[in-house]
Amino acid sequence: MPQPDIHPLPVDHVDTAARRRIGGLKWHLNGGDMLPAWVAEHDLGAPPAVAERLRELVDGGAFGYHTTGDEVGAAFARWAKTRHGWAPDPDLIVPTANVLQGIWTCIEAFTDRDAAIVYSTPVYPPFLDAPPTTGRRAVDWPMVRTESGWRYDLDALKHLLEADPGVGLLLLCHPQNPTGLVFTEDQLVRIVELSDEHDLLVVSDEIHSDLVHPGSTHIPMLTIPGASSRTVTVTSGVKTFALGGLRCAVAVCGDELLHAGFSSVPAELRGGPNRMGCEATIAAWDTGSAWTDGLLALLDSHRHHLHERLAAELPEVAMFLPQSTFVAWLDMSAHEPGENPARWLRRLTGVACGNGPEFGPGGADHVRLTFGTSTELLDEMVDRIVTGLHG
Ligand SMILES: Cc1ncc(COP(=O)(O)O)c(C=O)c1O
């Protein structure tokens, strides 16, 4: 079995043949020579310590029951301190299998059946599933598109909460997928005020928070004064280190009451993290800071490169420079892509993007393109899109 190349820092190269051979959701689903840019997963690997630790465990046959989940909270606290200057209490951190599991657990633990959940669209599609799959109501707090990009409207949130006293939970995507928008400190302070006035639980999904680009800063929700008594932050190493298949995440509860509430959903129902996921995540958090700086440098250069190429070669396709992460939210409306813009684009270009309408209101005519790959592949994607749309 070929071993993947191990590099101390991310390398601007993707071995597509190896990717297709090894498989996985991103590289298998569309098959052939389709270029996958649809799932929010980068192709740039993980710090070497991850594979080293996993190999050690495999070689040692470490496949039994485990207690490694107990170490995940402390490892996250070390990472949060190093990367975000935030020192969460490890005793208030619950390991989970994935971030969505943490969100669903919060809904179960902290809201009544008739409560409503607020989120702002366009948004990562599973957020839209949270109310219907848990029997709660959905309340949309739409983002606003301006000449310079997407924005939050905090006054609209205020009016919305005043009009609907049944709202019990505010689900934040912080930073935002698919627009890359990063909340400012003033906005977070205002959200804490509003959540206090309307007795809301805030669930802050910070899975993209390590990947904030120069010019913006991630401010963890739980560092905002007053947030701790009503916030649970859910996050993981999955976006930073491309560990989505390994199943390990954390729910950081703001205080002991929230921790008790979260833990009241039986572990048997919640499930738990996989040992390999815990070990890989701990290795990444404990050794991956310089590696993450390298990744960020690459992604920063990619976002500019993509933005510049589209502006020069496809000016009718609108893209705002994302403040975070490795996805670009592209407005294809000038081409009238129809009801399924991703399918339309895939057929014309051989590039598989995320389908805008699945991100809810605001998603019509859009696709989401994952640029977390090599410069070479990114250029091939743009070449194909330019030729497909203009050729
Ligand atoms: C905002 C957001 N939350 C959660 C997830 C998924 O996390 P997990 O696989 O840990 O549930 C993603 C993946 O794209 C995401 O973008």
# chains A, B, ... in the order shown; residues from 1 in each chain; ligands from 1
>>> select_by_dssp(residues="segment 110-187 of chain A", states="alpha helix (DSSP H)", output="count of residues only")
23
>>> residues_around(residues="segment 316-331 of chain A", least_positions_apart="6", cutoff="8 Å", atoms="only C-alpha atoms", output="number ranges by chain")
A: 40, 42, 148-149, 175-182, 208-209, 211-216, 299, 303-304, 307, 310, 365-372
>>> residues_near_ligand(ligand="ligand 1", cutoff="7 Å", atoms="only C-alpha atoms and all ligand atoms", output="JSON, numbers by chain")
{"A": [39, 40, 98, 99, 100, 101, 124, 173, 176, 177, 205, 207, 208, 236, 238, 244, 247, 249]}
>>> residues_around(residues="Pro220 of chain A", least_positions_apart="4", cutoff="10 Å", atoms="only C-alpha atoms", output="PDB file with N, CA and C atoms, in the first residue's frame")
ATOM      1  N   ALA A  80      -6.701  26.515  21.500  1.00  0.00           N
ATOM      2  CA  ALA A  80      -7.462  27.774  21.515  1.00  0.00           C
ATOM      3  C   ALA A  80      -6.609  28.893  22.102  1.00  0.00           C
ATOM      4  N   HIS A  84      -5.984  31.501  19.375  1.00  0.00           N
ATOM      5  CA  HIS A  84      -7.021  32.529  19.500  1.00  0.00           C
ATOM      6  C   HIS A  84      -6.947  33.308  20.819  1.00  0.00           C
ATOM      7  N   GLY A  85      -5.904  33.042  21.633  1.00  0.00           N
ATOM      8  CA  GLY A  85      -5.777  33.751  22.899  1.00  0.00           C
ATOM      9  C   GLY A  85      -6.956  33.508  23.826  1.00  0.00           C
ATOM     10  N   TRP A  86      -7.578  32.361  23.667  1.00  0.00           N
ATOM     11  CA  TRP A  86      -8.793  32.037  24.440  1.00  0.00           C
ATOM     12  C   TRP A  86      -8.478  30.821  25.299  1.00  0.00           C
ATOM     13  N   HIS A 174     -19.797  30.879  12.494  1.00  0.00           N
ATOM     14  CA  HIS A 174     -18.847  31.932  12.891  1.00  0.00           C
ATOM     15  C   HIS A 174     -17.418  31.387  12.857  1.00  0.00           C
ATOM     16  N   PRO A 175     -16.677  31.618  11.722  1.00  0.00           N
ATOM     17  CA  PRO A 175     -17.002  32.379  10.515  1.00  0.00           C
ATOM     18  C   PRO A 175     -18.016  31.651   9.624  1.00  0.00           C
ATOM     19  N   PHE A 183     -17.677  37.670  11.952  1.00  0.00           N
ATOM     20  CA  PHE A 183     -18.346  38.631  12.847  1.00  0.00           C
ATOM     21  C   PHE A 183     -17.319  39.571  13.470  1.00  0.00           C
ATOM     22  N   GLU A 185     -16.291  42.326  16.620  1.00  0.00           N
ATOM     23  CA  GLU A 185     -16.518  42.312  18.071  1.00  0.00           C
ATOM     24  C   GLU A 185     -17.825  43.031  18.410  1.00  0.00           C
ATOM     25  N   LEU A 188     -20.736  40.820  17.805  1.00  0.00           N
ATOM     26  CA  LEU A 188     -20.864  39.744  18.804  1.00  0.00           C
ATOM     27  C   LEU A 188     -21.406  40.296  20.118  1.00  0.00           C
ATOM     28  N   SER A 204     -22.571  28.508  18.768  1.00  0.00           N
ATOM     29  CA  SER A 204     -21.627  29.155  17.867  1.00  0.00           C
ATOM     30  C   SER A 204     -20.767  28.079  17.191  1.00  0.00           C
ATOM     31  N   ASP A 205     -21.013  27.867  15.911  1.00  0.00           N
ATOM     32  CA  ASP A 205     -20.252  26.878  15.143  1.00  0.00           C
ATOM     33  C   ASP A 205     -18.989  27.565  14.634  1.00  0.00           C
ATOM     34  N   GLU A 206     -17.842  27.214  15.246  1.00  0.00           N
ATOM     35  CA  GLU A 206     -16.581  27.897  14.931  1.00  0.00           C
ATOM     36  C   GLU A 206     -15.612  26.967  14.205  1.00  0.00           C
ATOM     37  N   SER A 209     -12.878  28.612  12.244  1.00  0.00           N
ATOM     38  CA  SER A 209     -12.260  29.770  12.896  1.00  0.00           C
ATOM     39  C   SER A 209     -10.734  29.833  12.788  1.00  0.00           C
ATOM     40  N   ILE A 224     -16.578  36.921  24.652  1.00  0.00           N
ATOM     41  CA  ILE A 224     -17.360  38.156  24.761  1.00  0.00           C
ATOM     42  C   ILE A 224     -17.994  38.220  26.156  1.00  0.00           C
ATOM     43  N   THR A 233     -20.095  26.586  22.242  1.00  0.00           N
ATOM     44  CA  THR A 233     -19.327  26.675  20.999  1.00  0.00           C
ATOM     45  C   THR A 233     -19.011  25.262  20.529  1.00  0.00           C
TER      46      THR A 233
END
>>> select_by_dssp(residues="segment 159-349 of chain A", states="strand (DSSP E)", output="MDAnalysis selection string")
chainID A and resid 167:173 201:205 231:235 249:253 318:319 327:331
>>> write_last_selection(atoms="N, CA and C atoms", output="PDB file, in the first residue's frame")
ATOM      1  N   VAL A 167     -38.626  32.166  19.824  1.00  0.00           N
ATOM      2  CA  VAL A 167     -37.263  31.779  19.423  1.00  0.00           C
ATOM      3  C   VAL A 167     -36.467  31.377  20.663  1.00  0.00           C
ATOM      4  N   GLY A 168     -35.839  30.198  20.608  1.00  0.00           N
ATOM      5  CA  GLY A 168     -35.094  29.710  21.765  1.00  0.00           C
ATOM      6  C   GLY A 168     -33.613  29.541  21.506  1.00  0.00           C
ATOM      7  N   LEU A 169     -33.217  29.497  20.249  1.00  0.00           N
ATOM      8  CA  LEU A 169     -31.810  29.179  19.960  1.00  0.00           C
ATOM      9  C   LEU A 169     -31.344  29.929  18.713  1.00  0.00           C
ATOM     10  N   LEU A 170     -30.200  30.533  18.851  1.00  0.00           N
ATOM     11  CA  LEU A 170     -29.586  31.242  17.719  1.00  0.00           C
ATOM     12  C   LEU A 170     -28.366  30.436  17.279  1.00  0.00           C
ATOM     13  N   LEU A 171     -28.419  29.984  16.047  1.00  0.00           N
ATOM     14  CA  LEU A 171     -27.350  29.128  15.518  1.00  0.00           C
ATOM     15  C   LEU A 171     -26.442  29.969  14.624  1.00  0.00           C
ATOM     16  N   LEU A 172     -25.234  30.233  15.123  1.00  0.00           N
ATOM     17  CA  LEU A 172     -24.315  31.092  14.370  1.00  0.00           C
ATOM     18  C   LEU A 172     -23.306  30.255  13.608  1.00  0.00           C
ATOM     19  N   CYS A 173     -22.991  30.704  12.407  1.00  0.00           N
ATOM     20  CA  CYS A 173     -21.920  30.098  11.626  1.00  0.00           C
ATOM     21  C   CYS A 173     -20.788  31.118  11.644  1.00  0.00           C
ATOM     22  N   LEU A 201     -30.405  30.645  23.772  1.00  0.00           N
ATOM     23  CA  LEU A 201     -29.127  29.944  23.797  1.00  0.00           C
ATOM     24  C   LEU A 201     -28.426  30.254  22.470  1.00  0.00           C
ATOM     25  N   VAL A 202     -27.140  30.571  22.540  1.00  0.00           N
ATOM     26  CA  VAL A 202     -26.378  30.781  21.316  1.00  0.00           C
ATOM     27  C   VAL A 202     -25.503  29.553  21.078  1.00  0.00           C
ATOM     28  N   VAL A 203     -25.649  28.957  19.912  1.00  0.00           N
ATOM     29  CA  VAL A 203     -24.747  27.871  19.527  1.00  0.00           C
ATOM     30  C   VAL A 203     -23.845  28.437  18.444  1.00  0.00           C
ATOM     31  N   SER A 204     -22.571  28.508  18.768  1.00  0.00           N
ATOM     32  CA  SER A 204     -21.627  29.155  17.867  1.00  0.00           C
ATOM     33  C   SER A 204     -20.767  28.079  17.191  1.00  0.00           C
ATOM     34  N   ASP A 205     -21.013  27.867  15.911  1.00  0.00           N
ATOM     35  CA  ASP A 205     -20.252  26.878  15.143  1.00  0.00           C
ATOM     36  C   ASP A 205     -18.989  27.565  14.634  1.00  0.00           C
ATOM     37  N   THR A 231     -23.926  30.363  26.008  1.00  0.00           N
ATOM     38  CA  THR A 231     -23.283  29.967  24.746  1.00  0.00           C
ATOM     39  C   THR A 231     -22.657  28.582  24.842  1.00  0.00           C
ATOM     40  N   VAL A 232     -22.882  27.807  23.797  1.00  0.00           N
ATOM     41  CA  VAL A 232     -22.107  26.579  23.589  1.00  0.00           C
ATOM     42  C   VAL A 232     -21.412  26.733  22.244  1.00  0.00           C
ATOM     43  N   THR A 233     -20.095  26.586  22.242  1.00  0.00           N
ATOM     44  CA  THR A 233     -19.327  26.675  20.999  1.00  0.00           C
ATOM     45  C   THR A 233     -19.011  25.262  20.529  1.00  0.00           C
ATOM     46  N   VAL A 234     -19.279  25.005  19.268  1.00  0.00           N
ATOM     47  CA  VAL A 234     -18.965  23.678  18.710  1.00  0.00           C
ATOM     48  C   VAL A 234     -17.904  23.858  17.628  1.00  0.00           C
ATOM     49  N   THR A 235     -16.893  23.014  17.686  1.00  0.00           N
ATOM     50  CA  THR A 235     -15.806  23.164  16.718  1.00  0.00           C
ATOM     51  C   THR A 235     -14.988  21.869  16.662  1.00  0.00           C
ATOM     52  N   ALA A 249     -14.827  15.950  17.588  1.00  0.00           N
ATOM     53  CA  ALA A 249     -15.127  17.377  17.683  1.00  0.00           C
ATOM     54  C   ALA A 249     -15.296  17.717  19.159  1.00  0.00           C
ATOM     55  N   VAL A 250     -15.554  18.985  19.444  1.00  0.00           N
ATOM     56  CA  VAL A 250     -15.782  19.376  20.844  1.00  0.00           C
ATOM     57  C   VAL A 250     -16.982  20.312  20.944  1.00  0.00           C
ATOM     58  N   ALA A 251     -17.662  20.210  22.084  1.00  0.00           N
ATOM     59  CA  ALA A 251     -18.679  21.200  22.449  1.00  0.00           C
ATOM     60  C   ALA A 251     -18.149  21.893  23.695  1.00  0.00           C
ATOM     61  N   VAL A 252     -17.910  23.201  23.582  1.00  0.00           N
ATOM     62  CA  VAL A 252     -17.363  23.965  24.704  1.00  0.00           C
ATOM     63  C   VAL A 252     -18.525  24.689  25.377  1.00  0.00           C
ATOM     64  N   CYS A 253     -18.869  24.245  26.577  1.00  0.00           N
ATOM     65  CA  CYS A 253     -20.011  24.832  27.274  1.00  0.00           C
ATOM     66  C   CYS A 253     -19.525  26.035  28.077  1.00  0.00           C
ATOM     67  N   ALA A 318     -19.741  37.238 -10.213  1.00  0.00           N
ATOM     68  CA  ALA A 318     -19.377  38.065  -9.050  1.00  0.00           C
ATOM     69  C   ALA A 318     -18.830  37.196  -7.919  1.00  0.00           C
ATOM     70  N   MET A 319     -17.668  37.622  -7.414  1.00  0.00           N
ATOM     71  CA  MET A 319     -17.087  36.961  -6.241  1.00  0.00           C
ATOM     72  C   MET A 319     -16.556  38.038  -5.300  1.00  0.00           C
ATOM     73  N   VAL A 327     -13.579  28.574   0.785  1.00  0.00           N
ATOM     74  CA  VAL A 327     -14.684  28.479  -0.184  1.00  0.00           C
ATOM     75  C   VAL A 327     -15.006  29.858  -0.735  1.00  0.00           C
ATOM     76  N   ALA A 328     -15.359  29.877  -2.018  1.00  0.00           N
ATOM     77  CA  ALA A 328     -15.745  31.129  -2.679  1.00  0.00           C
ATOM     78  C   ALA A 328     -17.201  30.988  -3.123  1.00  0.00           C
ATOM     79  N   TRP A 329     -17.946  32.040  -2.899  1.00  0.00           N
ATOM     80  CA  TRP A 329     -19.390  32.021  -3.173  1.00  0.00           C
ATOM     81  C   TRP A 329     -19.596  32.824  -4.456  1.00  0.00           C
ATOM     82  N   LEU A 330     -19.877  32.111  -5.535  1.00  0.00           N
ATOM     83  CA  LEU A 330     -19.853  32.742  -6.860  1.00  0.00           C
ATOM     84  C   LEU A 330     -21.269  32.976  -7.382  1.00  0.00           C
ATOM     85  N   ASP A 331     -21.526  34.187  -7.785  1.00  0.00           N
ATOM     86  CA  ASP A 331     -22.834  34.562  -8.333  1.00  0.00           C
ATOM     87  C   ASP A 331     -22.779  34.397  -9.857  1.00  0.00           C
TER      88      ASP A 331
END
>>> atom_distance(atom1="atom CA of Gly135 of chain A", atom2="atom CA of Leu258 of chain A")
21.8 Å
>>> closest_residue(among="A:Val11, A:Leu314, A:Leu44, A:Ile117", to="Pro132 of chain A", atoms="only C-alpha atoms")
A:Ile117
>>> atom_distance(atom1="atom CA of Ala283 of chain A", atom2="atom CA of Gly237 of chain A")
10.3 Å
>>> residues_around(residues="Val72 of chain A", least_positions_apart="3", cutoff="8 Å", atoms="only C-alpha atoms", output="mmCIF file with C-alpha atoms, in the first residue's frame")
data_model
loop_
_atom_site.group_PDB
_atom_site.id
_atom_site.type_symbol
_atom_site.label_atom_id
_atom_site.label_comp_id
_atom_site.auth_asym_id
_atom_site.auth_seq_id
_atom_site.Cartn_x
_atom_site.Cartn_y
_atom_site.Cartn_z
ATOM 1 C CA THR A 68 -8.726 9.225 24.723
ATOM 2 C CA GLY A 69 -11.863 11.391 24.627
ATOM 3 C CA ALA A 75 -5.791 19.615 23.854
ATOM 4 C CA PHE A 76 -8.436 21.955 22.450
ATOM 5 C CA PRO A 95 -15.926 15.548 23.106
ATOM 6 C CA VAL A 250 -15.782 19.376 20.844
ATOM 7 C CA CYS A 278 -9.245 11.866 19.005
ATOM 8 C CA THR A 281 -6.942 15.722 16.403
ATOM 9 C CA ILE A 282 -4.794 15.904 19.539
#
>>> residues_around(residues="Ala62 of chain A", least_positions_apart="3", cutoff="12 Å", atoms="only C-alpha atoms", output="PDB file with N, CA and C atoms, in the first residue's frame")
ATOM      1  N   ARG A  53       1.214   9.346  14.357  1.00  0.00           N
ATOM      2  CA  ARG A  53       0.480   8.811  15.507  1.00  0.00           C
ATOM      3  C   ARG A  53      -0.488   7.705  15.064  1.00  0.00           C
ATOM      4  N   LEU A  54      -1.169   7.935  13.942  1.00  0.00           N
ATOM      5  CA  LEU A  54      -2.127   6.921  13.479  1.00  0.00           C
ATOM      6  C   LEU A  54      -1.404   5.624  13.105  1.00  0.00           C
ATOM      7  N   ARG A  55      -0.239   5.774  12.490  1.00  0.00           N
ATOM      8  CA  ARG A  55       0.522   4.580  12.111  1.00  0.00           C
ATOM      9  C   ARG A  55       0.945   3.793  13.352  1.00  0.00           C
ATOM     10  N   GLU A  56       1.388   4.552  14.353  1.00  0.00           N
ATOM     11  CA  GLU A  56       1.799   3.928  15.616  1.00  0.00           C
ATOM     12  C   GLU A  56       0.621   3.136  16.216  1.00  0.00           C
ATOM     13  N   LEU A  57      -0.555   3.718  16.172  1.00  0.00           N
ATOM     14  CA  LEU A  57      -1.731   3.056  16.748  1.00  0.00           C
ATOM     15  C   LEU A  57      -2.124   1.823  15.942  1.00  0.00           C
ATOM     16  N   VAL A  58      -2.059   1.961  14.624  1.00  0.00           N
ATOM     17  CA  VAL A  58      -2.405   0.813  13.776  1.00  0.00           C
ATOM     18  C   VAL A  58      -1.394  -0.300  14.000  1.00  0.00           C
ATOM     19  N   ASP A  59      -0.101   0.067  13.982  1.00  0.00           N
ATOM     20  CA  ASP A  59       0.934  -0.954  14.185  1.00  0.00           C
ATOM     21  C   ASP A  59       0.781  -1.640  15.541  1.00  0.00           C
ATOM     22  N   TYR A  65     -11.738  -0.429  23.066  1.00  0.00           N
ATOM     23  CA  TYR A  65     -12.367   0.713  23.745  1.00  0.00           C
ATOM     24  C   TYR A  65     -11.278   1.649  24.228  1.00  0.00           C
ATOM     25  N   HIS A  66     -11.644   2.898  24.452  1.00  0.00           N
ATOM     26  CA  HIS A  66     -10.589   3.867  24.776  1.00  0.00           C
ATOM     27  C   HIS A  66     -11.072   4.942  25.731  1.00  0.00           C
ATOM     28  N   THR A  67     -10.121   5.694  26.272  1.00  0.00           N
ATOM     29  CA  THR A  67     -10.459   6.828  27.137  1.00  0.00           C
ATOM     30  C   THR A  67      -9.855   8.111  26.570  1.00  0.00           C
ATOM     31  N   THR A  68      -9.444   8.075  25.297  1.00  0.00           N
ATOM     32  CA  THR A  68      -8.726   9.225  24.723  1.00  0.00           C
ATOM     33  C   THR A  68      -9.619  10.470  24.653  1.00  0.00           C
ATOM     34  N   ASN A 274     -14.401   8.688  17.894  1.00  0.00           N
ATOM     35  CA  ASN A 274     -13.565   7.538  17.561  1.00  0.00           C
ATOM     36  C   ASN A 274     -12.154   7.762  18.110  1.00  0.00           C
ATOM     37  N   ARG A 275     -11.502   6.726  18.583  1.00  0.00           N
ATOM     38  CA  ARG A 275     -10.151   6.921  19.136  1.00  0.00           C
ATOM     39  C   ARG A 275      -9.188   7.509  18.098  1.00  0.00           C
ATOM     40  N   MET A 276      -9.252   6.975  16.883  1.00  0.00           N
ATOM     41  CA  MET A 276      -8.324   7.476  15.841  1.00  0.00           C
ATOM     42  C   MET A 276      -8.555   8.972  15.614  1.00  0.00           C
ATOM     43  N   GLU A 279      -7.075  10.883  18.620  1.00  0.00           N
ATOM     44  CA  GLU A 279      -5.601  10.882  18.588  1.00  0.00           C
ATOM     45  C   GLU A 279      -5.088  11.788  17.469  1.00  0.00           C
TER      46      GLU A 279
END
>>> closest_residue(among="A:Glu339, A:Glu268, A:Glu193, A:Asp186", to="Ile219 of chain A", atoms="only C-alpha atoms")
A:Asp186
>>> closest_residue(among="A:Val189, A:Val144, A:Leu246, A:Ala312", to="Thr223 of chain A", atoms="only C-alpha atoms")
A:Val189
>>> residues_around(residues="Arg136 of chain A", least_positions_apart="6", cutoff="12 Å", atoms="only C-alpha atoms", output="CSV table (one decimal) with C-alpha atoms, in the first residue's frame")
chain,number,residue,atom,x,y,z
A,104,TRP,CA,-28.3,18.7,17.5
A,107,ILE,CA,-31.3,21.6,20.4
A,108,GLU,CA,-32.4,18.5,22.2
A,110,PHE,CA,-31.9,23.4,25.6
A,111,THR,CA,-35.0,23.9,23.5
A,112,ASP,CA,-38.7,22.9,23.8
A,113,ARG,CA,-40.5,21.1,21.0
A,114,ASP,CA,-42.3,24.3,20.0
A,115,ALA,CA,-39.3,26.5,20.1
A,116,ALA,CA,-37.9,28.2,17.0
A,117,ILE,CA,-34.3,28.2,15.8
A,118,VAL,CA,-32.8,31.3,14.1
A,128,LEU,CA,-31.5,24.2,7.4
A,129,ASP,CA,-32.2,20.6,8.4
A,130,ALA,CA,-31.9,21.3,12.1
A,166,GLY,CA,-40.9,31.6,20.6
A,167,VAL,CA,-37.3,31.8,19.4
A,168,GLY,CA,-35.1,29.7,21.8
A,169,LEU,CA,-31.8,29.2,20.0
>>> residues_around(residues="segment 377-385 of chain A", least_positions_apart="4", cutoff="8 Å", atoms="only C-alpha atoms", output="PDB file with C-alpha atoms, in the first residue's frame")
ATOM      1  CA  VAL A  14      -2.098  17.464  -5.010  1.00  0.00           C
ATOM      2  CA  LEU A  35     -12.522  18.271 -10.632  1.00  0.00           C
ATOM      3  CA  HIS A 302      -5.388  31.166  -3.479  1.00  0.00           C
ATOM      4  CA  LEU A 306      -9.016  33.134  -7.796  1.00  0.00           C
ATOM      5  CA  ARG A 309      -8.473  35.599 -12.342  1.00  0.00           C
ATOM      6  CA  LEU A 310     -12.266  35.767 -12.202  1.00  0.00           C
ATOM      7  CA  LEU A 345     -21.705  24.294 -14.321  1.00  0.00           C
ATOM      8  CA  LEU A 348     -20.382  22.787 -19.044  1.00  0.00           C
ATOM      9  CA  THR A 349     -16.993  22.682 -17.361  1.00  0.00           C
ATOM     10  CA  GLY A 350     -16.263  19.411 -15.563  1.00  0.00           C
ATOM     11  CA  VAL A 351     -15.869  21.293 -12.279  1.00  0.00           C
ATOM     12  CA  PHE A 371     -10.256  26.536  -3.448  1.00  0.00           C
ATOM     13  CA  THR A 373      -6.308  22.676  -3.301  1.00  0.00           C
ATOM     14  CA  LEU A 389     -18.664  29.600 -20.087  1.00  0.00           C
TER      15      LEU A 389
END
